[in-house]
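input.pdb follows (PDB, C-alpha atoms):
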```pdb
ATOM      1  CA  MET A   1     -26.566 -13.809 -55.058
ATOM      2  CA  LYS A   2     -29.959 -13.772 -56.823
ATOM      3  CA  LYS A   3     -31.086 -10.870 -54.636
ATOM      4  CA  SER A   4     -27.953  -8.863 -55.520
ATOM      5  CA  ILE A   5     -28.488  -9.420 -59.235
ATOM      6  CA  LEU A   6     -32.104  -8.268 -58.944
ATOM      7  CA  ILE A   7     -30.984  -5.084 -57.156
ATOM      8  CA  LEU A   8     -28.474  -4.311 -59.910
ATOM      9  CA  LEU A   9     -31.063  -4.918 -62.640
ATOM     10  CA  ALA A  10     -33.549  -2.680 -60.803
ATOM     11  CA  CYS A  11     -30.963   0.125 -60.753
ATOM     12  CA  MET A  12     -30.425  -0.267 -64.508
ATOM     13  CA  VAL A  13     -34.151  -0.249 -65.294
ATOM     14  CA  GLY A  14     -34.825   2.730 -63.005
ATOM     15  CA  THR A  15     -31.979   4.685 -64.546
ATOM     16  CA  SER A  16     -33.139   4.020 -68.098
ATOM     17  CA  GLY A  17     -36.243   6.137 -67.489
ATOM     18  CA  ILE A  18     -34.142   9.079 -66.332
ATOM     19  CA  VAL A  19     -31.721   9.048 -69.269
ATOM     20  CA  MET A  20     -34.540   9.566 -71.769
ATOM     21  CA  ALA A  21     -34.340  13.266 -70.868
ATOM     22  CA  ASP A  22     -32.572  15.552 -73.373
ATOM     23  CA  ASP A  23     -29.810  16.600 -70.974
ATOM     24  CA  PHE A  24     -28.713  13.036 -70.269
ATOM     25  CA  GLY A  25     -26.452  10.673 -72.136
ATOM     26  CA  THR A  26     -25.852   6.946 -71.793
ATOM     27  CA  GLY A  27     -22.773   4.802 -72.090
ATOM     28  CA  ILE A  28     -21.886   1.136 -72.395
ATOM     29  CA  GLU A  29     -18.326  -0.048 -71.758
ATOM     30  CA  LEU A  30     -16.932  -3.546 -72.288
ATOM     31  CA  GLU A  31     -13.487  -4.559 -71.054
ATOM     32  CA  ALA A  32     -11.308  -7.660 -71.024
ATOM     33  CA  THR A  33      -8.303  -7.829 -68.672
ATOM     34  CA  LYS A  34      -5.472 -10.311 -68.296
ATOM     35  CA  LYS A  35      -3.068 -10.538 -65.354
ATOM     36  CA  VAL A  36       0.291 -11.470 -66.822
ATOM     37  CA  ASN A  37       1.787 -11.761 -63.348
ATOM     38  CA  LYS A  38       1.274 -10.214 -59.891
ATOM     39  CA  LYS A  39       2.457  -6.804 -61.120
ATOM     40  CA  LEU A  40       1.562  -6.524 -64.813
ATOM     41  CA  LYS A  41      -2.005  -6.335 -66.205
ATOM     42  CA  LEU A  42      -3.181  -5.829 -69.801
ATOM     43  CA  SER A  43      -6.623  -4.489 -70.808
ATOM     44  CA  LEU A  44      -8.646  -4.133 -74.004
ATOM     45  CA  SER A  45     -11.811  -2.000 -73.935
ATOM     46  CA  GLY A  46     -14.612  -0.724 -76.149
ATOM     47  CA  GLU A  47     -17.138   2.057 -75.493
ATOM     48  CA  PHE A  48     -20.417   3.292 -76.988
ATOM     49  CA  ARG A  49     -22.169   6.535 -75.953
ATOM     50  CA  THR A  50     -25.371   8.381 -76.760
ATOM     51  CA  GLN A  51     -26.451  11.967 -76.072
ATOM     52  CA  ASP A  52     -29.855  13.704 -75.697
ATOM     53  CA  GLY A  53     -31.179  10.627 -73.930
ATOM     54  CA  VAL A  54     -30.792   7.801 -76.415
ATOM     55  CA  SER A  55     -31.784   9.713 -79.568
ATOM     56  CA  ASP A  56     -28.275  10.483 -80.914
ATOM     57  CA  VAL A  57     -25.091   8.449 -81.010
ATOM     58  CA  GLU A  58     -22.233  10.490 -79.526
ATOM     59  CA  ARG A  59     -19.193   8.295 -80.021
ATOM     60  CA  PHE A  60     -17.501   4.932 -80.376
ATOM     61  CA  ALA A  61     -14.098   4.142 -78.887
ATOM     62  CA  ILE A  62     -11.681   1.235 -78.641
ATOM     63  CA  GLY A  63      -8.430   1.145 -76.685
ATOM     64  CA  PHE A  64      -5.808  -0.875 -74.887
ATOM     65  CA  ASP A  65      -3.919  -0.318 -71.655
ATOM     66  CA  ALA A  66      -0.997  -1.803 -69.730
ATOM     67  CA  SER A  67      -0.570  -1.205 -65.983
ATOM     68  CA  TYR A  68       2.342  -2.134 -63.727
ATOM     69  CA  LYS A  69       2.247  -2.268 -59.923
ATOM     70  CA  PHE A  70       5.686  -1.000 -58.929
ATOM     71  CA  TYR A  71       5.188  -0.588 -55.179
ATOM     72  CA  LYS A  72       3.380  -2.945 -52.834
ATOM     73  CA  LYS A  73       4.743  -4.256 -49.544
ATOM     74  CA  LYS A  74       3.109  -6.803 -47.297
ATOM     75  CA  GLY A  75       1.374  -5.053 -44.413
ATOM     76  CA  SER A  76       1.733  -1.604 -45.972
ATOM     77  CA  PRO A  77      -1.476   0.379 -46.667
ATOM     78  CA  LEU A  78       0.222   2.137 -49.612
ATOM     79  CA  GLU A  79       0.223   0.798 -53.156
ATOM     80  CA  MET A  80       1.486   2.502 -56.329
ATOM     81  CA  SER A  81       1.135   1.691 -60.010
ATOM     82  CA  ALA A  82       1.826   3.170 -63.448
ATOM     83  CA  ALA A  83      -0.037   2.693 -66.722
ATOM     84  CA  ALA A  84       0.080   3.683 -70.391
ATOM     85  CA  GLY A  85      -2.507   3.284 -73.121
ATOM     86  CA  TYR A  86      -3.958   4.303 -76.480
ATOM     87  CA  SER A  87      -7.538   4.881 -77.700
ATOM     88  CA  PHE A  88      -9.150   5.511 -81.072
ATOM     89  CA  ILE A  89     -12.303   7.643 -80.792
ATOM     90  CA  ASP A  90     -14.924   8.380 -83.457
ATOM     91  CA  ARG A  91     -17.202  11.190 -82.248
ATOM     92  CA  SER A  92     -20.370  12.553 -83.817
ATOM     93  CA  ILE A  93     -20.404  16.365 -84.079
ATOM     94  CA  GLN A  94     -23.920  17.809 -84.257
ATOM     95  CA  PRO A  95     -24.993  20.324 -86.971
ATOM     96  CA  GLU A  96     -24.395  23.963 -86.064
ATOM     97  CA  THR A  97     -25.752  27.329 -87.227
ATOM     98  CA  LYS A  98     -23.409  30.325 -87.060
ATOM     99  CA  ILE A  99     -24.816  33.864 -87.317
ATOM    100  CA  ARG A 100     -22.715  35.755 -89.839
ATOM    101  CA  GLU A 101     -24.419  38.338 -92.106
ATOM    102  CA  ASP A 102     -22.819  39.031 -95.479
ATOM    103  CA  GLU A 103     -23.297  41.525 -98.290
ATOM    104  CA  GLU A 104     -25.889  39.348-100.043
ATOM    105  CA  GLY A 105     -28.305  39.409 -97.095
ATOM    106  CA  TRP A 106     -27.632  35.902 -95.848
ATOM    107  CA  ASP A 107     -27.520  35.979 -92.048
ATOM    108  CA  GLY A 108     -25.732  32.771 -91.143
ATOM    109  CA  GLU A 109     -23.956  29.564 -92.023
ATOM    110  CA  TYR A 110     -25.266  26.074 -91.428
ATOM    111  CA  VAL A 111     -22.496  23.492 -90.896
ATOM    112  CA  VAL A 112     -23.632  19.910 -91.404
ATOM    113  CA  GLY A 113     -22.998  17.232 -88.800
ATOM    114  CA  TYR A 114     -19.953  15.017 -89.265
ATOM    115  CA  TRP A 115     -17.844  12.339 -87.595
ATOM    116  CA  SER A 116     -14.525  13.359 -86.029
ATOM    117  CA  GLN A 117     -11.770  10.790 -85.554
ATOM    118  CA  ARG A 118      -9.295  11.210 -82.691
ATOM    119  CA  HIS A 119      -6.137   9.430 -81.554
ATOM    120  CA  ARG A 120      -5.474   9.538 -77.820
ATOM    121  CA  ALA A 121      -2.531   8.424 -75.684
ATOM    122  CA  HIS A 122      -2.149   8.592 -71.920
ATOM    123  CA  GLY A 123       0.353   7.963 -69.152
ATOM    124  CA  THR A 124      -0.873   7.443 -65.592
ATOM    125  CA  VAL A 125       0.483   7.150 -62.056
ATOM    126  CA  THR A 126      -1.839   6.037 -59.224
ATOM    127  CA  ALA A 127      -1.253   5.949 -55.462
ATOM    128  CA  SER A 128      -3.757   4.054 -53.294
ATOM    129  CA  TYR A 129      -3.926   4.129 -49.508
ATOM    130  CA  LYS A 130      -5.932   1.655 -47.427
ATOM    131  CA  ILE A 131      -7.930   3.285 -44.623
ATOM    132  CA  GLY A 132      -8.874   0.623 -42.095
ATOM    133  CA  LYS A 133     -10.202  -2.635 -43.507
ATOM    134  CA  ARG A 134     -12.800  -1.399 -45.999
ATOM    135  CA  LEU A 135     -11.955   2.030 -47.428
ATOM    136  CA  THR A 136      -9.344   2.854 -50.062
ATOM    137  CA  LEU A 137      -8.406   6.435 -50.975
ATOM    138  CA  SER A 138      -6.598   6.836 -54.295
ATOM    139  CA  LEU A 139      -5.060   9.718 -56.233
ATOM    140  CA  ARG A 140      -4.621   9.270 -59.973
ATOM    141  CA  GLU A 141      -2.575  11.669 -62.119
ATOM    142  CA  ARG A 142      -3.040  11.163 -65.857
ATOM    143  CA  TYR A 143      -1.393  13.006 -68.752
ATOM    144  CA  GLN A 144      -3.694  12.772 -71.770
ATOM    145  CA  PHE A 145      -2.792  13.827 -75.322
ATOM    146  CA  THR A 146      -5.458  13.857 -78.073
ATOM    147  CA  HIS A 147      -5.027  14.557 -81.781
ATOM    148  CA  SER A 148      -8.155  15.141 -83.888
ATOM    149  CA  MET A 149      -7.875  14.284 -87.586
ATOM    150  CA  ALA A 150      -8.230  17.131 -90.092
ATOM    151  CA  ASP A 151     -11.221  17.098 -92.441
ATOM    152  CA  SER A 152     -13.503  19.382 -94.485
ATOM    153  CA  VAL A 153     -17.293  19.591 -94.152
ATOM    154  CA  LYS A 154     -20.022  21.268 -96.207
ATOM    155  CA  GLN A 155     -21.432  24.670 -95.277
ATOM    156  CA  TYR A 156     -24.799  26.113 -96.331
ATOM    157  CA  LYS A 157     -26.091  29.681 -96.240
ATOM    158  CA  THR A 158     -29.150  30.385 -94.079
ATOM    159  CA  TYR A 159     -31.667  33.225 -94.172
ATOM    160  CA  GLU A 160     -33.896  34.985 -91.620
ATOM    161  CA  GLY A 161     -32.608  33.035 -88.628
ATOM    162  CA  SER A 162     -33.626  29.646 -90.001
ATOM    163  CA  ASN A 163     -31.442  26.645 -89.240
ATOM    164  CA  LYS A 164     -32.409  25.034 -92.557
ATOM    165  CA  PRO A 165     -29.877  25.014 -95.425
ATOM    166  CA  TYR A 166     -30.808  27.166 -98.426
ATOM    167  CA  ALA A 167     -27.739  27.341-100.634
ATOM    168  CA  LEU A 168     -24.509  25.381-100.695
ATOM    169  CA  LYS A 169     -21.472  27.584-100.245
ATOM    170  CA  LYS A 170     -18.617  27.074-102.652
ATOM    171  CA  ARG A 171     -16.000  26.642 -99.980
ATOM    172  CA  LEU A 172     -15.783  23.866 -97.382
ATOM    173  CA  GLN A 173     -15.046  24.460 -93.709
ATOM    174  CA  SER A 174     -11.874  22.914 -92.326
ATOM    175  CA  VAL A 175     -12.340  21.066 -89.024
ATOM    176  CA  GLY A 176     -10.075  19.089 -86.729
ATOM    177  CA  GLY A 177      -6.318  18.948 -87.110
ATOM    178  CA  LYS A 178      -5.841  20.147 -83.528
ATOM    179  CA  ASP A 179      -4.033  18.778 -80.495
ATOM    180  CA  LYS A 180      -5.210  18.937 -76.889
ATOM    181  CA  ALA A 181      -3.310  17.971 -73.757
ATOM    182  CA  TYR A 182      -4.728  17.646 -70.240
ATOM    183  CA  LEU A 183      -3.438  16.695 -66.839
ATOM    184  CA  ARG A 184      -6.331  14.871 -65.175
ATOM    185  CA  SER A 185      -6.233  14.642 -61.370
ATOM    186  CA  ARG A 186      -8.735  12.221 -59.847
ATOM    187  CA  LEU A 187      -9.396  11.648 -56.136
ATOM    188  CA  GLN A 188     -11.469   8.529 -55.431
ATOM    189  CA  LEU A 189     -12.874   6.837 -52.337
ATOM    190  CA  LYS A 190     -13.786   3.156 -52.676
ATOM    191  CA  TRP A 191     -15.464   0.738 -50.254
ATOM    192  CA  GLU A 192     -14.592  -2.971 -50.229
ATOM    193  CA  ARG A 193     -15.447  -5.832 -47.924
ATOM    194  CA  LYS A 194     -14.373  -9.461 -48.047
ATOM    195  CA  ARG A 195     -17.041 -11.845 -49.335
ATOM    196  CA  CYS A 196     -19.225  -8.881 -50.375
ATOM    197  CA  PRO A 197     -19.664  -8.569 -54.165
ATOM    198  CA  TRP A 198     -20.522  -4.849 -54.081
ATOM    199  CA  GLU A 199     -17.764  -2.210 -54.450
ATOM    200  CA  PRO A 200     -19.252   1.334 -54.385
ATOM    201  CA  ALA A 201     -17.021   4.311 -55.181
ATOM    202  CA  ALA A 202     -17.184   8.104 -55.554
ATOM    203  CA  SER A 203     -14.687  10.425 -57.213
ATOM    204  CA  ILE A 204     -13.970  13.973 -58.330
ATOM    205  CA  GLU A 205     -11.695  14.697 -61.282
ATOM    206  CA  ILE A 206     -10.112  17.996 -62.305
ATOM    207  CA  PHE A 207      -8.930  18.634 -65.876
ATOM    208  CA  HIS A 208      -5.953  21.001 -66.241
ATOM    209  CA  ASP A 209      -5.227  22.427 -69.709
ATOM    210  CA  VAL A 210      -1.508  21.799 -70.276
ATOM    211  CA  LYS A 211      -1.302  24.308 -73.152
ATOM    212  CA  ASP A 212      -2.920  27.047 -71.037
ATOM    213  CA  GLY A 213      -0.519  27.000 -68.097
ATOM    214  CA  PHE A 214      -2.244  24.019 -66.416
ATOM    215  CA  LYS A 215      -5.341  26.169 -65.895
ATOM    216  CA  GLU A 216      -8.349  24.329 -64.479
ATOM    217  CA  ASN A 217     -10.587  23.556 -67.441
ATOM    218  CA  GLN A 218     -13.432  21.379 -66.146
ATOM    219  CA  LEU A 219     -14.676  19.170 -63.316
ATOM    220  CA  ARG A 220     -16.135  15.676 -63.436
ATOM    221  CA  TYR A 221     -18.049  14.006 -60.583
ATOM    222  CA  THR A 222     -18.757  10.256 -60.550
ATOM    223  CA  ILE A 223     -20.579   7.890 -58.211
ATOM    224  CA  GLY A 224     -21.363   4.233 -58.822
ATOM    225  CA  THR A 225     -20.774   0.636 -57.873
ATOM    226  CA  ASP A 226     -19.279  -2.558 -59.260
ATOM    227  CA  TYR A 227     -20.799  -5.964 -58.671
ATOM    228  CA  ASN A 228     -18.436  -8.949 -58.752
ATOM    229  CA  LEU A 229     -20.537 -11.850 -59.953
ATOM    230  CA  ASP A 230     -17.550 -14.201 -59.574
ATOM    231  CA  SER A 231     -13.776 -14.099 -59.991
ATOM    232  CA  ASN A 232     -14.083 -13.562 -63.756
ATOM    233  CA  ASN A 233     -17.188 -11.388 -64.288
ATOM    234  CA  THR A 234     -17.830  -7.867 -62.994
ATOM    235  CA  PHE A 235     -20.821  -5.618 -63.785
ATOM    236  CA  GLY A 236     -21.008  -1.924 -63.008
ATOM    237  CA  ILE A 237     -23.312   1.083 -63.052
ATOM    238  CA  ALA A 238     -22.240   4.709 -62.562
ATOM    239  CA  TYR A 239     -23.597   8.249 -62.775
ATOM    240  CA  ARG A 240     -21.321  11.077 -63.897
ATOM    241  CA  TYR A 241     -21.722  14.844 -64.159
ATOM    242  CA  LYS A 242     -19.376  17.029 -66.230
ATOM    243  CA  ASP A 243     -19.626  20.794 -65.780
ATOM    244  CA  LYS A 244     -18.358  22.129 -69.149
ATOM    245  CA  ASN A 245     -18.508  21.427 -72.864
ATOM    246  CA  ASP A 246     -15.360  20.780 -74.829
ATOM    247  CA  SER A 247     -14.452  19.438 -78.269
ATOM    248  CA  ASP A 248     -14.279  15.907 -76.877
ATOM    249  CA  GLU A 249     -17.695  15.548 -75.230
ATOM    250  CA  ALA A 250     -20.741  17.492 -74.098
ATOM    251  CA  LYS A 251     -21.293  18.689 -70.553
ATOM    252  CA  GLY A 252     -24.089  17.289 -68.419
ATOM    253  CA  HIS A 253     -25.204  13.936 -67.086
ATOM    254  CA  LEU A 254     -24.089  10.470 -68.148
ATOM    255  CA  VAL A 255     -25.269   7.080 -66.907
ATOM    256  CA  LYS A 256     -22.898   4.272 -67.817
ATOM    257  CA  LEU A 257     -23.194   0.495 -67.649
ATOM    258  CA  SER A 258     -20.053  -1.625 -67.769
ATOM    259  CA  TYR A 259     -18.951  -5.231 -67.960
ATOM    260  CA  THR A 260     -15.450  -6.598 -67.326
ATOM    261  CA  TYR A 261     -14.191 -10.102 -67.992
ATOM    262  CA  LYS A 262     -10.979 -11.149 -66.219
ATOM    263  CA  PHE A 263      -8.919 -13.920 -67.771
TER     264      PHE A 263
END
```
As structure tokens, the full file:
Amino acid sequence: MKKSILILLACMVGTSGIVMADDFGTGIELEATKKVNKKLKLSLSGEFRTQDGVSDVERFAIGFDASYKFYKKKGSPLEMSAAAGYSFIDRSIQPETKIREDEEGWDGEYVVGYWSQRHRAHGTVTASYKIGKRLTLSLRERYQFTHSMADSVKQYKTYEGSNKPYALKKRLQSVGGKDKAYLRSRLQLKWERKRCPWEPAASIEIFHDVKDGFKENQLRYTIGTDYNLDSNNTFGIAYRYKDKNDSDEAKGHLVKLSYTYKF
């Protein structure tokens, strides 16, 4: 057990050097779960993320989730479950300069950074299939609806291509107040072995924009492992790559550490 813990710590330390780069972000996720019975499980989670290495805070989030295992037969490799949940997200939006020349000679607008609050709900169905004794292939379909709260932020005029504010504009810029809906399809392969605390997994997830005819919007690739310290405590480390920016998070690389306590 001591050797396994040292390996996990070495992975965390080695990764911390990589995420100092500007195109990387970091994440920490804490979760508490409670099995009400053999079929029903409740979860409460919190998340903290940075971007540009560890120099900027990207967002905070807190949420809860309830999952129900509605199909599982003894001896059958197939298992199915459904879940529903809610999250509150507070995301930091970085300052932005927009090039827009006007009659007074000003060549742009500088919008200050601000925090954007979002409410998110999801409904999920997951089918898992056991391949042999150690591999599990799962398909998760998740409908995700996000509402960003409306707000107004200050704008400044800029001159000669500078990103520094020179004069406060009289009007404020309206932000937020928009809804987004995605169908997220995730295919995951997970390895498990009895009496082995390590559970590595790899997945690919496709985001479909519901409001744009279910058009493919972005891809997310994840690889990582969980380490079950005992029946109550699980640690995890994962690397994720997202191929496009959106209003919810930046594209690029993310290294995430997680901890789960099971009651």
I want to know what sits within 8 Å of stretch 198-211 of chain A, based on all atoms listed in the file, with residues of the same chain fewer than 3 positions away left out; could you give that as a PDB file with C-alpha atoms, in the frame of the given file?
```pdb
ATOM      1  CA  LYS A 180      -5.210  18.937 -76.889  1.00  0.00           C
ATOM      2  CA  ALA A 181      -3.310  17.971 -73.757  1.00  0.00           C
ATOM      3  CA  TYR A 182      -4.728  17.646 -70.240  1.00  0.00           C
ATOM      4  CA  LEU A 183      -3.438  16.695 -66.839  1.00  0.00           C
ATOM      5  CA  ARG A 184      -6.331  14.871 -65.175  1.00  0.00           C
ATOM      6  CA  SER A 185      -6.233  14.642 -61.370  1.00  0.00           C
ATOM      7  CA  ARG A 186      -8.735  12.221 -59.847  1.00  0.00           C
ATOM      8  CA  LEU A 187      -9.396  11.648 -56.136  1.00  0.00           C
ATOM      9  CA  GLN A 188     -11.469   8.529 -55.431  1.00  0.00           C
ATOM     10  CA  LEU A 189     -12.874   6.837 -52.337  1.00  0.00           C
ATOM     11  CA  LYS A 190     -13.786   3.156 -52.676  1.00  0.00           C
ATOM     12  CA  TRP A 191     -15.464   0.738 -50.254  1.00  0.00           C
ATOM     13  CA  GLU A 192     -14.592  -2.971 -50.229  1.00  0.00           C
ATOM     14  CA  ARG A 193     -15.447  -5.832 -47.924  1.00  0.00           C
ATOM     15  CA  PHE A 214      -2.244  24.019 -66.416  1.00  0.00           C
ATOM     16  CA  LYS A 215      -5.341  26.169 -65.895  1.00  0.00           C
ATOM     17  CA  GLU A 216      -8.349  24.329 -64.479  1.00  0.00           C
ATOM     18  CA  ASN A 217     -10.587  23.556 -67.441  1.00  0.00           C
ATOM     19  CA  GLN A 218     -13.432  21.379 -66.146  1.00  0.00           C
ATOM     20  CA  LEU A 219     -14.676  19.170 -63.316  1.00  0.00           C
ATOM     21  CA  ARG A 220     -16.135  15.676 -63.436  1.00  0.00           C
ATOM     22  CA  TYR A 221     -18.049  14.006 -60.583  1.00  0.00           C
ATOM     23  CA  THR A 222     -18.757  10.256 -60.550  1.00  0.00           C
ATOM     24  CA  ILE A 223     -20.579   7.890 -58.211  1.00  0.00           C
ATOM     25  CA  GLY A 224     -21.363   4.233 -58.822  1.00  0.00           C
ATOM     26  CA  THR A 225     -20.774   0.636 -57.873  1.00  0.00           C
ATOM     27  CA  ASP A 226     -19.279  -2.558 -59.260  1.00  0.00           C
ATOM     28  CA  TYR A 227     -20.799  -5.964 -58.671  1.00  0.00           C
ATOM     29  CA  ASN A 228     -18.436  -8.949 -58.752  1.00  0.00           C
TER      30      ASN A 228
END
```
Between atom CA of A:Asp65 and atom CA of A:Leu135, what is the spacing in Å? 25.6 Å
If the PyMOL selection byres ((chain A and resi 94) around 8) is run on the structure shown, which residues does it catch, given as an NGL selection string? :A and (92-93 or 95-96 or 112-114)
Please write the residues picked by the PyMOL selection byres ((chain A and resi 28) around 9) on this file as a VMD selection string. chain A and resid 26 to 27 29 to 30 46 to 49 255 to 259
Carefully work through the PyMOL selection byres ((chain A and resi 152) around 9) for this structure and note down the residues it includes, as a list in words. Ala150, Asp151, Val153, Lys154, Leu172, Gln173, Ser174, Val175 and Gly176 of chain A
Let me make sure I understand: among A:Met149, A:Ile131, A:Leu139, A:Val125, which one has the smallest atom-to-atom distance to A:Tyr71 if we use all atoms listed in the file? A:Val125
Each side padded by 4 Å, which centre and which edge lengths in Å (one decimal) define the axis-aligned box around the listed atoms of stretch 53-68 of chain A? Give them as AutoDock Vina command-line options.
```
--center_x -14.7 --center_y 4.2 --center_z -72.4 --size_x 42.1 --size_y 20.8 --size_z 25.3
```
Could you list as a PyMOL selection string every residue that has an atom within 12 Å of (-6.1, 9.2, -79.6), using the file's coordinates and counting only C-alpha atoms? chain A and resi 61-64+85-91+116-122+144-149+178-181+248
Determine, counting all atoms listed in the file, which protein, DNA and RNA residues have an atom within 12 Å of an atom of A:Lys41; residues of the same chain fewer than 5 positions away are not included. Present the result as a list of chain:residue names. A:Ala32, A:Thr33, A:Lys34, A:Lys35, A:Val36, A:Phe64, A:Asp65, A:Ala66, A:Ser67, A:Tyr68, A:Lys69, A:Phe70, A:Ser81, A:Ala82, A:Ala83, A:Ala84, A:Gly85, A:Lys262, A:Phe263
So the first atom is atom CA of A:Ser247 and the second is atom CA of A:Arg142; what is the distance between them in Å, to one decimal place? 18.8 Å
Distance of atom CA of A:Gln51 from atom CA of A:Ala250, expressed in Å to one decimal place: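 These two atoms are separated by 8.2 Å.
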Counting only C-alpha atoms, figure out which residue out of A:Asn245, A:Ser45, A:Ser138, A:Thr260 gets nearest to A:Thr126.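 Checking each of A:Asn245, A:Ser45, A:Ser138, A:Thr260 against A:Thr126, counting only C-alpha atoms, the winner is A:Ser138.
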Output stretch 183-200 of chain A as a PDB file, in the frame of the given file, making sure N, CA and C atoms are there.
```pdb
ATOM      1  N   LEU A 183      -3.833  17.440 -68.027  1.00  0.00           N
ATOM      2  CA  LEU A 183      -3.438  16.695 -66.839  1.00  0.00           C
ATOM      3  C   LEU A 183      -4.701  16.480 -66.031  1.00  0.00           C
ATOM      4  N   ARG A 184      -5.089  15.211 -65.871  1.00  0.00           N
ATOM      5  CA  ARG A 184      -6.331  14.871 -65.175  1.00  0.00           C
ATOM      6  C   ARG A 184      -6.002  14.334 -63.785  1.00  0.00           C
ATOM      7  N   SER A 185      -6.488  15.031 -62.762  1.00  0.00           N
ATOM      8  CA  SER A 185      -6.233  14.642 -61.370  1.00  0.00           C
ATOM      9  C   SER A 185      -7.523  14.110 -60.764  1.00  0.00           C
ATOM     10  N   ARG A 186      -7.519  12.836 -60.385  1.00  0.00           N
ATOM     11  CA  ARG A 186      -8.735  12.221 -59.847  1.00  0.00           C
ATOM     12  C   ARG A 186      -8.510  11.724 -58.420  1.00  0.00           C
ATOM     13  N   LEU A 187      -9.395  12.128 -57.511  1.00  0.00           N
ATOM     14  CA  LEU A 187      -9.396  11.648 -56.136  1.00  0.00           C
ATOM     15  C   LEU A 187     -10.616  10.751 -55.960  1.00  0.00           C
ATOM     16  N   GLN A 188     -10.383   9.503 -55.526  1.00  0.00           N
ATOM     17  CA  GLN A 188     -11.469   8.529 -55.431  1.00  0.00           C
ATOM     18  C   GLN A 188     -11.479   7.831 -54.071  1.00  0.00           C
ATOM     19  N   LEU A 189     -12.686   7.598 -53.567  1.00  0.00           N
ATOM     20  CA  LEU A 189     -12.874   6.837 -52.337  1.00  0.00           C
ATOM     21  C   LEU A 189     -13.691   5.599 -52.677  1.00  0.00           C
ATOM     22  N   LYS A 190     -13.148   4.429 -52.319  1.00  0.00           N
ATOM     23  CA  LYS A 190     -13.786   3.156 -52.676  1.00  0.00           C
ATOM     24  C   LYS A 190     -13.987   2.298 -51.441  1.00  0.00           C
ATOM     25  N   TRP A 191     -15.119   1.616 -51.373  1.00  0.00           N
ATOM     26  CA  TRP A 191     -15.464   0.738 -50.254  1.00  0.00           C
ATOM     27  C   TRP A 191     -15.400  -0.713 -50.703  1.00  0.00           C
ATOM     28  N   GLU A 192     -14.703  -1.547 -49.933  1.00  0.00           N
ATOM     29  CA  GLU A 192     -14.592  -2.971 -50.229  1.00  0.00           C
ATOM     30  C   GLU A 192     -14.722  -3.770 -48.936  1.00  0.00           C
ATOM     31  N   ARG A 193     -15.317  -4.939 -49.066  1.00  0.00           N
ATOM     32  CA  ARG A 193     -15.447  -5.832 -47.924  1.00  0.00           C
ATOM     33  C   ARG A 193     -15.311  -7.267 -48.407  1.00  0.00           C
ATOM     34  N   LYS A 194     -14.567  -8.066 -47.666  1.00  0.00           N
ATOM     35  CA  LYS A 194     -14.373  -9.461 -48.047  1.00  0.00           C
ATOM     36  C   LYS A 194     -15.706 -10.195 -48.086  1.00  0.00           C
ATOM     37  N   ARG A 195     -15.851 -11.021 -49.113  1.00  0.00           N
ATOM     38  CA  ARG A 195     -17.041 -11.845 -49.335  1.00  0.00           C
ATOM     39  C   ARG A 195     -18.287 -11.021 -49.641  1.00  0.00           C
ATOM     40  N   CYS A 196     -18.109  -9.724 -49.924  1.00  0.00           N
ATOM     41  CA  CYS A 196     -19.225  -8.881 -50.375  1.00  0.00           C
ATOM     42  C   CYS A 196     -18.980  -8.516 -51.840  1.00  0.00           C
ATOM     43  N   PRO A 197     -19.907  -8.819 -52.739  1.00  0.00           N
ATOM     44  CA  PRO A 197     -19.664  -8.569 -54.165  1.00  0.00           C
ATOM     45  C   PRO A 197     -19.748  -7.096 -54.572  1.00  0.00           C
ATOM     46  N   TRP A 198     -20.336  -6.264 -53.735  1.00  0.00           N
ATOM     47  CA  TRP A 198     -20.522  -4.849 -54.081  1.00  0.00           C
ATOM     48  C   TRP A 198     -19.280  -4.031 -53.749  1.00  0.00           C
ATOM     49  N   GLU A 199     -18.906  -3.106 -54.671  1.00  0.00           N
ATOM     50  CA  GLU A 199     -17.764  -2.210 -54.450  1.00  0.00           C
ATOM     51  C   GLU A 199     -18.154  -0.790 -54.877  1.00  0.00           C
ATOM     52  N   PRO A 200     -18.875  -0.041 -54.043  1.00  0.00           N
ATOM     53  CA  PRO A 200     -19.252   1.334 -54.385  1.00  0.00           C
ATOM     54  C   PRO A 200     -18.053   2.279 -54.325  1.00  0.00           C
TER      55      PRO A 200
END
```
